[in-house]
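Raw contents of model_17.cif, mmCIF, C-alpha atoms:
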```cif
data_work
#
loop_
_atom_site.label_atom_id
_atom_site.label_comp_id
_atom_site.auth_asym_id
_atom_site.auth_seq_id
_atom_site.Cartn_x
_atom_site.Cartn_y
_atom_site.Cartn_z
CA MET A 1 6.83 -30.91 -49.25
CA GLU A 2 9.41 -28.84 -47.48
CA GLN A 3 13.00 -29.91 -47.73
CA GLN A 4 14.45 -30.96 -44.39
CA THR A 5 17.94 -29.93 -43.45
CA ILE A 6 19.83 -32.49 -41.40
CA PHE A 7 22.59 -31.18 -39.13
CA LYS A 8 25.39 -33.56 -38.44
CA TYR A 9 27.57 -33.09 -35.37
CA THR A 10 31.29 -33.28 -35.95
CA SER A 11 33.86 -32.76 -33.28
CA LYS A 12 36.11 -29.71 -33.55
CA PRO A 13 39.70 -30.29 -34.55
CA GLU A 14 42.26 -30.11 -31.79
CA SER A 15 43.53 -26.76 -33.06
CA ASP A 16 40.06 -25.22 -32.53
CA LYS A 17 39.90 -26.65 -29.03
CA VAL A 18 43.17 -24.95 -28.18
CA SER A 19 41.95 -21.64 -29.56
CA MET A 20 38.77 -21.92 -27.48
CA ARG A 21 40.82 -22.50 -24.34
CA ASN A 22 42.81 -19.41 -25.14
CA LYS A 23 39.57 -17.40 -25.21
CA LEU A 24 38.72 -18.26 -21.60
CA PRO A 25 39.15 -15.25 -19.28
CA HIS A 26 42.50 -14.91 -17.55
CA PRO A 27 42.17 -15.31 -13.74
CA LEU A 28 43.29 -11.71 -13.21
CA CYS A 29 40.68 -10.43 -15.67
CA LEU A 30 38.02 -12.50 -13.95
CA PHE A 31 39.03 -11.07 -10.56
CA LEU A 32 38.82 -7.51 -11.89
CA LEU A 33 35.43 -8.19 -13.44
CA ILE A 34 34.04 -9.55 -10.16
CA SER A 35 35.54 -6.64 -8.23
CA LEU A 36 33.96 -4.09 -10.57
CA THR A 37 30.60 -5.84 -10.29
CA LEU A 38 30.74 -5.80 -6.50
CA PHE A 39 31.77 -2.14 -6.52
CA ALA A 40 28.82 -1.29 -8.76
CA LYS A 41 26.48 -3.13 -6.41
CA SER A 42 27.94 -1.32 -3.40
CA ASP A 43 26.76 1.96 -4.95
CA ALA A 44 23.29 0.60 -5.65
CA GLY A 45 20.64 2.61 -3.86
CA SER A 46 17.38 1.98 -2.04
CA LEU A 47 13.94 3.49 -2.52
CA VAL A 48 12.23 5.13 0.44
CA VAL A 49 8.61 6.33 0.45
CA TYR A 50 6.33 8.23 2.81
CA TRP A 51 2.95 6.64 3.47
CA GLY A 52 0.02 7.74 5.60
CA GLN A 53 -1.26 11.11 4.45
CA ASN A 54 -3.88 10.08 1.92
CA ALA A 55 -6.33 7.19 2.14
CA GLY A 56 -6.21 6.94 -1.66
CA GLU A 57 -2.73 5.41 -1.49
CA GLY A 58 -4.17 2.09 -0.32
CA GLN A 59 -3.09 -0.30 2.39
CA LEU A 60 0.42 -0.38 3.77
CA THR A 61 0.67 -4.10 3.00
CA LYS A 62 -0.04 -3.44 -0.68
CA THR A 63 2.65 -0.77 -0.77
CA CYS A 64 5.18 -3.27 0.54
CA LYS A 65 3.99 -6.06 -1.75
CA THR A 66 5.05 -4.03 -4.79
CA GLY A 67 8.65 -4.92 -4.01
CA LEU A 68 9.66 -1.37 -4.96
CA PHE A 69 10.54 0.03 -1.55
CA HIS A 70 13.16 -0.81 1.04
CA ILE A 71 11.98 1.64 3.72
CA VAL A 72 8.50 3.05 4.42
CA ASN A 73 8.02 6.09 6.64
CA ILE A 74 4.62 6.15 8.35
CA ALA A 75 3.59 9.82 8.49
CA PHE A 76 3.07 11.40 10.96
CA LEU A 77 3.26 11.63 14.72
CA SER A 78 2.17 15.22 14.20
CA THR A 79 1.39 16.37 17.75
CA PHE A 80 3.92 16.18 20.55
CA GLY A 81 5.90 18.21 23.06
CA ASN A 82 5.30 21.32 25.15
CA GLY A 83 2.81 19.58 27.40
CA SER A 84 0.57 18.24 24.62
CA GLN A 85 -0.63 14.64 24.36
CA PRO A 86 1.26 12.99 21.46
CA GLN A 87 -1.04 11.99 18.59
CA ILE A 88 -0.60 10.33 15.22
CA ASN A 89 -2.42 11.69 12.19
CA LEU A 90 -2.81 9.19 9.34
CA ALA A 91 -5.35 11.18 7.35
CA GLY A 92 -8.17 8.89 6.21
CA HIS A 93 -6.46 5.61 7.07
CA CYS A 94 -7.57 5.26 10.66
CA SER A 95 -8.47 7.10 13.84
CA PRO A 96 -6.26 6.52 16.90
CA ALA A 97 -9.04 7.82 19.15
CA SER A 98 -11.26 4.90 18.18
CA LYS A 99 -8.34 2.45 18.36
CA GLY A 100 -8.81 1.89 14.63
CA CYS A 101 -5.08 2.10 13.91
CA LYS A 102 -4.27 -1.14 15.73
CA ARG A 103 -5.06 -3.12 12.57
CA LEU A 104 -2.06 -1.38 11.00
CA GLY A 105 0.09 -3.50 13.29
CA LYS A 106 -0.57 -6.50 11.04
CA ASP A 107 0.43 -4.49 7.96
CA ILE A 108 3.63 -3.34 9.64
CA LYS A 109 4.57 -6.93 10.44
CA ASN A 110 3.75 -7.99 6.87
CA CYS A 111 6.18 -5.39 5.56
CA GLN A 112 8.89 -6.35 8.02
CA ARG A 113 8.60 -10.02 7.06
CA ARG A 114 9.51 -8.93 3.55
CA GLY A 115 12.65 -7.28 4.86
CA ILE A 116 11.23 -3.76 4.61
CA LYS A 117 12.00 -1.31 7.40
CA VAL A 118 8.99 0.63 8.68
CA MET A 119 9.73 3.91 10.46
CA LEU A 120 7.62 6.31 12.51
CA SER A 121 7.98 9.76 11.01
CA ILE A 122 7.50 12.61 13.47
CA GLY A 123 6.65 16.18 12.59
CA GLY A 124 5.36 17.14 9.16
CA GLY A 125 3.98 20.41 7.89
CA THR A 126 1.68 21.23 10.81
CA ASN A 127 2.32 23.62 13.69
CA THR A 128 1.16 21.18 16.37
CA TYR A 129 4.52 20.11 17.73
CA SER A 130 7.41 21.75 19.54
CA LEU A 131 9.99 20.94 22.19
CA SER A 132 10.19 23.48 24.98
CA SER A 133 13.33 22.12 26.67
CA PRO A 134 15.77 19.17 26.71
CA ASP A 135 13.62 17.57 29.44
CA ASP A 136 10.56 17.94 27.25
CA ALA A 137 12.46 16.28 24.39
CA ARG A 138 13.46 13.36 26.60
CA GLN A 139 9.85 12.85 27.70
CA VAL A 140 8.73 12.73 24.06
CA ALA A 141 11.48 10.20 23.31
CA ASP A 142 10.31 8.02 26.19
CA TYR A 143 6.74 8.16 24.89
CA ILE A 144 7.84 7.14 21.38
CA TRP A 145 9.95 4.29 22.74
CA ASP A 146 7.15 2.93 24.91
CA ASN A 147 4.33 3.32 22.37
CA PHE A 148 5.95 2.56 19.01
CA LEU A 149 9.32 0.89 19.54
CA GLY A 150 10.79 -1.53 22.09
CA GLY A 151 9.14 -0.28 25.27
CA LYS A 152 5.84 -1.19 26.88
CA SER A 153 2.60 0.74 27.17
CA ASN A 154 -1.12 -0.01 27.43
CA SER A 155 -1.88 2.57 24.75
CA ARG A 156 0.26 1.47 21.80
CA PRO A 157 -1.53 2.83 18.66
CA PHE A 158 -0.29 -0.06 16.46
CA GLY A 159 -0.69 -2.77 19.08
CA ASN A 160 2.32 -5.00 19.60
CA ALA A 161 3.95 -4.15 16.28
CA ILE A 162 7.46 -2.79 16.84
CA LEU A 163 8.57 -0.17 14.33
CA ASP A 164 12.18 -0.03 13.14
CA GLY A 165 12.99 3.48 14.26
CA VAL A 166 12.15 7.17 14.12
CA ASP A 167 12.33 9.58 11.21
CA PHE A 168 12.72 13.30 11.99
CA ASN A 169 10.64 15.27 9.47
CA ILE A 170 10.82 18.58 11.28
CA GLU A 171 9.54 21.69 9.54
CA SER A 172 8.41 23.81 12.47
CA GLY A 173 8.68 24.14 16.24
CA GLU A 174 11.46 24.90 18.68
CA LEU A 175 14.88 23.25 18.80
CA HIS A 176 16.11 20.58 21.28
CA TYR A 177 15.92 17.81 18.68
CA ALA A 178 19.49 16.81 19.58
CA ALA A 179 18.23 15.91 23.07
CA LEU A 180 15.44 13.86 21.48
CA ALA A 181 17.96 11.99 19.32
CA TYR A 182 20.31 11.30 22.26
CA ARG A 183 17.47 9.92 24.38
CA LEU A 184 16.23 7.63 21.61
CA HIS A 185 19.78 6.45 21.06
CA ASP A 186 20.07 5.62 24.75
CA HIS A 187 16.97 3.43 24.44
CA TYR A 188 18.34 1.82 21.28
CA ALA A 189 21.63 0.96 22.94
CA GLY A 190 19.90 -1.25 25.49
CA SER A 191 18.02 -3.34 22.91
CA LYS A 192 19.05 -6.45 20.99
CA LYS A 193 17.00 -5.28 17.99
CA LYS A 194 18.58 -2.78 15.63
CA PHE A 195 16.68 0.50 15.63
CA TYR A 196 17.35 3.40 13.26
CA LEU A 197 17.41 7.18 13.36
CA THR A 198 16.69 8.99 10.10
CA ALA A 199 15.99 12.58 9.16
CA SER A 200 14.45 14.54 6.31
CA PRO A 201 15.90 18.07 6.38
CA GLN A 202 15.22 20.76 3.78
CA CYS A 203 18.04 21.00 1.26
CA SER A 204 19.02 24.51 2.33
CA PHE A 205 21.88 23.75 4.71
CA GLN A 206 21.89 27.05 6.58
CA ASN A 207 19.52 27.58 9.54
CA ASN A 208 18.07 24.09 9.24
CA LEU A 209 15.94 23.11 12.23
CA LEU A 210 17.63 19.70 12.33
CA HIS A 211 21.19 20.96 12.23
CA GLY A 212 21.79 20.45 15.96
CA ALA A 213 20.41 16.93 15.90
CA LEU A 214 22.31 15.92 12.78
CA THR A 215 25.64 17.09 14.16
CA THR A 216 25.34 14.43 16.89
CA GLY A 217 26.50 11.80 14.39
CA LEU A 218 23.72 9.44 15.54
CA PHE A 219 21.72 9.26 12.31
CA ASP A 220 21.81 6.23 10.04
CA HIS A 221 20.18 7.84 7.02
CA VAL A 222 19.48 11.39 5.90
CA TRP A 223 17.03 11.93 3.02
CA ILE A 224 17.42 15.53 1.97
CA GLN A 225 14.30 17.28 0.67
CA PHE A 226 15.29 18.69 -2.71
CA TYR A 227 11.83 20.16 -3.27
CA ASN A 228 9.96 23.31 -2.27
CA ASN A 229 13.42 24.94 -2.09
CA PRO A 230 14.26 26.29 -5.58
CA GLN A 231 17.73 27.49 -4.61
CA CYS A 232 19.03 23.94 -4.11
CA GLU A 233 16.76 21.85 -6.32
CA PHE A 234 18.03 19.92 -9.32
CA THR A 235 17.62 21.27 -12.85
CA SER A 236 19.32 19.75 -15.89
CA LYS A 237 20.11 23.18 -17.33
CA ASP A 238 21.99 24.35 -14.24
CA PRO A 239 22.63 21.76 -11.50
CA THR A 240 25.07 24.05 -9.67
CA GLY A 241 22.80 24.74 -6.69
CA PHE A 242 21.97 21.07 -6.31
CA LYS A 243 25.63 20.00 -6.52
CA SER A 244 26.65 22.60 -3.95
CA ALA A 245 23.94 21.56 -1.50
CA TRP A 246 24.63 17.83 -1.93
CA ASN A 247 28.36 18.32 -1.38
CA GLN A 248 27.81 20.48 1.69
CA TRP A 249 25.46 17.95 3.28
CA THR A 250 27.62 14.93 2.58
CA THR A 251 30.87 16.54 3.70
CA SER A 252 29.58 18.46 6.75
CA ILE A 253 27.29 15.89 8.38
CA ASN A 254 28.44 12.55 9.76
CA ALA A 255 25.70 10.05 8.84
CA GLY A 256 25.51 6.56 7.40
CA LYS A 257 23.95 7.25 3.99
CA PHE A 258 22.47 10.25 2.19
CA PHE A 259 19.40 10.05 -0.03
CA VAL A 260 18.00 12.40 -2.68
CA GLY A 261 14.50 13.38 -1.59
CA LEU A 262 12.13 14.15 -4.48
CA PRO A 263 8.40 14.56 -5.15
CA SER A 264 6.95 11.58 -6.99
CA SER A 265 4.90 13.81 -9.32
CA HIS A 266 4.43 17.46 -10.24
CA ALA A 267 1.40 17.54 -7.93
CA ALA A 268 3.30 16.22 -4.90
CA ALA A 269 5.20 19.47 -4.27
CA ARG A 270 5.22 23.08 -5.41
CA THR A 271 8.64 22.73 -7.05
CA GLY A 272 11.44 20.21 -7.41
CA PHE A 273 9.98 17.44 -9.59
CA VAL A 274 12.63 15.69 -11.69
CA SER A 275 11.57 13.51 -14.61
CA SER A 276 12.62 9.86 -14.46
CA HIS A 277 14.82 10.37 -17.52
CA ALA A 278 16.62 13.35 -15.98
CA LEU A 279 17.01 11.53 -12.68
CA ILE A 280 18.60 8.48 -14.25
CA ASN A 281 20.79 10.21 -16.81
CA ASN A 282 21.70 13.52 -15.20
CA LEU A 283 21.10 13.54 -11.43
CA LEU A 284 22.24 10.11 -10.28
CA PRO A 285 25.71 10.35 -11.90
CA ILE A 286 26.32 13.42 -9.72
CA VAL A 287 25.48 11.78 -6.39
CA ARG A 288 26.80 8.23 -6.76
CA SER A 289 29.51 7.68 -4.16
CA PRO A 290 30.04 5.53 -1.05
CA LYS A 291 27.86 8.04 0.85
CA TYR A 292 24.93 7.71 -1.56
CA GLY A 293 22.01 5.70 -0.17
CA GLY A 294 19.25 6.05 -2.75
CA VAL A 295 16.12 8.09 -3.42
CA MET A 296 13.32 9.13 -1.07
CA LEU A 297 9.88 9.88 -2.54
CA TRP A 298 7.09 12.07 -1.24
CA ASP A 299 4.65 10.37 -1.26
CA ARG A 300 3.01 7.02 -2.06
CA TYR A 301 -0.34 8.54 -3.07
CA HIS A 302 1.20 10.66 -5.82
CA ASP A 303 3.53 7.81 -6.74
CA LEU A 304 0.51 5.64 -7.48
CA GLN A 305 -0.76 8.26 -9.92
CA SER A 306 2.57 8.79 -11.70
CA ARG A 307 4.09 5.29 -11.32
CA TYR A 308 7.36 7.13 -10.75
CA SER A 309 8.93 4.52 -8.46
CA GLY A 310 8.47 1.81 -11.07
CA LYS A 311 10.21 3.94 -13.68
CA ILE A 312 13.30 4.51 -11.57
CA SER A 313 13.57 1.43 -9.35
CA GLY A 314 15.92 -0.42 -11.68
CA SER A 315 18.36 2.50 -11.87
CA VAL A 316 18.43 3.89 -8.34
#
```
Can you give me the file's structure in the form of structure tokens?
Amino acid sequence: MEQQTIFKYTSKPESDKVSMRNKLPHPLCLFLLISLTLFAKSDAGSLVVYWGQNAGEGQLTKTCKTGLFHIVNIAFLSTFGNGSQPQINLAGHCSPASKGCKRLGKDIKNCQRRGIKVMLSIGGGTNTYSLSSPDDARQVADYIWDNFLGGKSNSRPFGNAILDGVDFNIESGELHYAALAYRLHDHYAGSKKKFYLTASPQCSFQNNLLHGALTTGLFDHVWIQFYNNPQCEFTSKDPTGFKSAWNQWTTSINAGKFFVGLPSSHAAARTGFVSSHALINNLLPIVRSPKYGGVMLWDRYHDLQSRYSGKISGSV
């Protein structure tokens, strides 16, 4: 039979009680601790992901249910401007021509109910968009407002779902994107709902197609593409080019927050992949500041294969 040990409670002597009181944190120390905690939280970042270019990434609702992402960019409105009829291209997800994309309206609302912002990303890597003039840009802005945001139209691709704003992912075409941004901002100003302007420029600061638009100061978030541009990508061995590009973007452009845009796997881009370990331990300490907003990932399909977002979400 095992021997039982009986514990008897005895009250602490008064001298011990005094010493315990002396170990309680001083009010000033407590204040500093709370302040440091709040400061750390103020530098906490968000995860942004692009969705829409591969049917293998699954439903939009499932992407939002993961709880990993704060913003989802639906990609892309890939045809617009220069007299063309604007069209969305969501790869194998749905066909706007057959009105099959209207069911996405329910998914968009599901995400928004979870507090996730859902943006319409315009542009992409095709050559099917351009703006021939400021008037052309304003007409495109009016179309986007009426068909995806707070306006009214009989041909809304996502039904009555109202997206949270427009993301400029411009990699080709003519300029005049400043006129597009100004017109969208004019629409936003007349609405009770908060709408956003975001942009995804290439990390090379010089000769960027979005430079004119970004100098307007109208953009809430800028997620810089640090991939497919070796001269400004991050490498642990020599982060000089990355540091220089990040500093130039964050000091030259007036925007709400800046995000580090990365591929979510080696297969997602030609160059620029950063391992989760290197991101957490080497890259993030460089960018953390009041201007830092988080990390943008291209794209959800490759993220599902690599599980990259899950590896970094607690550290971003």
Exercise for review: Starting from the displayed file, determine the output of the PyMOL selection byres ((chain A and resi 315) around 10) and express the residue list as a count of residues only.
Suggested key: 15
Exercise for review: Can you work out the spacing between atom CA of Asn208 of chain A and atom CA of Gly256 of chain A in Å, to one decimal?
Suggested key: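 Atom-to-atom, atom CA of Asn208 of chain A to atom CA of Gly256 of chain A, that is 19.1 Å.
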Point to revise | Resolved residues for the PyMOL selection byres ((chain A and resi 118) around 6) as a count of residues only | key: 7
Practice item. Taking the file above as input, evaluate the PyMOL selection byres ((chain A and resi 234) around 10) and report the hits as a list in words. Key: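 In the shown coordinates, the PyMOL selection byres ((chain A and resi 234) around 10) covers Phe226, Tyr227, Asn229, Pro230, Gln231, Cys232, Glu233, Thr235, Ser236, Lys237, Asp238, Pro239, Thr240, Gly241, Phe242, Lys243, Ala245, Leu262, Gly272, Phe273, Val274, Ala278, Leu279, Asn282 and Leu283 of chain A.
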Study note, to complete from the structure: In Å and to one decimal, atom CA of Pro290 of chain A is distant from atom CA of Ala181 of chain A by 24.5 Å
Review point. So which one's closest to Leu60 of chain A, A:Arg300, A:Lys194, A:Lys102, A:His211? Using only C-alpha atoms, please.
Key: A:Arg300
**Study point:** Closest of A:Asp220, A:Asp142, A:Asp136, A:Asp299 to Leu184 of chain A - atom-to-atom distances counting all atoms listed in the file
**Key:** A:Asp142
Exercise for review: In Å, rounded to a single decimal, give me how far atom CA of Tyr188 of chain A is from atom CA of Gly217 of chain A.
Suggested key: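 Value for the atom CA of Gly217 of chain A-atom CA of Tyr188 of chain A distance: 14.6 Å.
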Check your understanding: With distances taken over only C-alpha atoms, which of A:Ala97, A:Leu77, A:Ile88, A:Val48 is nearest to Phe259 of chain A?
Key ->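 Nearest to Phe259 of chain A: A:Val48.
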Revision key, fill the gap. Counting all atoms listed in the file, the residue among A:Ile286, A:Ile170, A:Val140, A:Val260 that lies closest to Gly125 of chain A is A:Ile170
Practice item. Rank nothing, just name the residue among A:Ser78, A:Ser98, A:Gln206, A:Asn154 nearest to Leu120 of chain A, using all atoms listed in the file. Key: A:Ser78
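Of the residues listed (A:Ile144, A:Ala179, A:Leu131, A:Leu47), A:Leu47 shows the shortest atom-to-atom separation from Phe258 of chain A; distances use only C-alpha atoms.
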Would you mind listing, for every residue of segment 160-232 of chain A within 12 Å of segment 50-57 of chain A, the two atoms forming the shortest contact and the distance between them in Å to one decimal, using all atoms listed in the file, sorted by chain and ascending residue number, as a Markdown table?
```
| residue | atom | partner | partner_atom | distance |
| --- | --- | --- | --- | --- |
| A:Asp167 | CA | A:Tyr50 | CA | 10.4 |
| A:Asn169 | CA | A:Tyr50 | CA | 10.6 |
| A:Ser200 | CA | A:Tyr50 | CA | 10.9 |
| A:Trp223 | CA | A:Tyr50 | CA | 11.3 |
```
Exercise for review: Take the point (4.5, -2.3, 3.3) as written in the file and pick out every residue within 10 Å of it, counting only C-alpha atoms; give the list as a PyMOL selection string.
Suggested key: chain A and resi 49+51+59-74+107-118
Practice item. Considering only C-alpha atoms, return as a list in words whatever protein or nucleic-acid residues lie within 10 Å of Asp135 of chain A, sequence-local ones (same chain, fewer than 2 positions apart) excluded. Key: Leu131, Ser132, Ser133, Ala137, Arg138, Gln139, Val140, Ala141, His176, Ala179, Leu180 and Arg183 of chain A
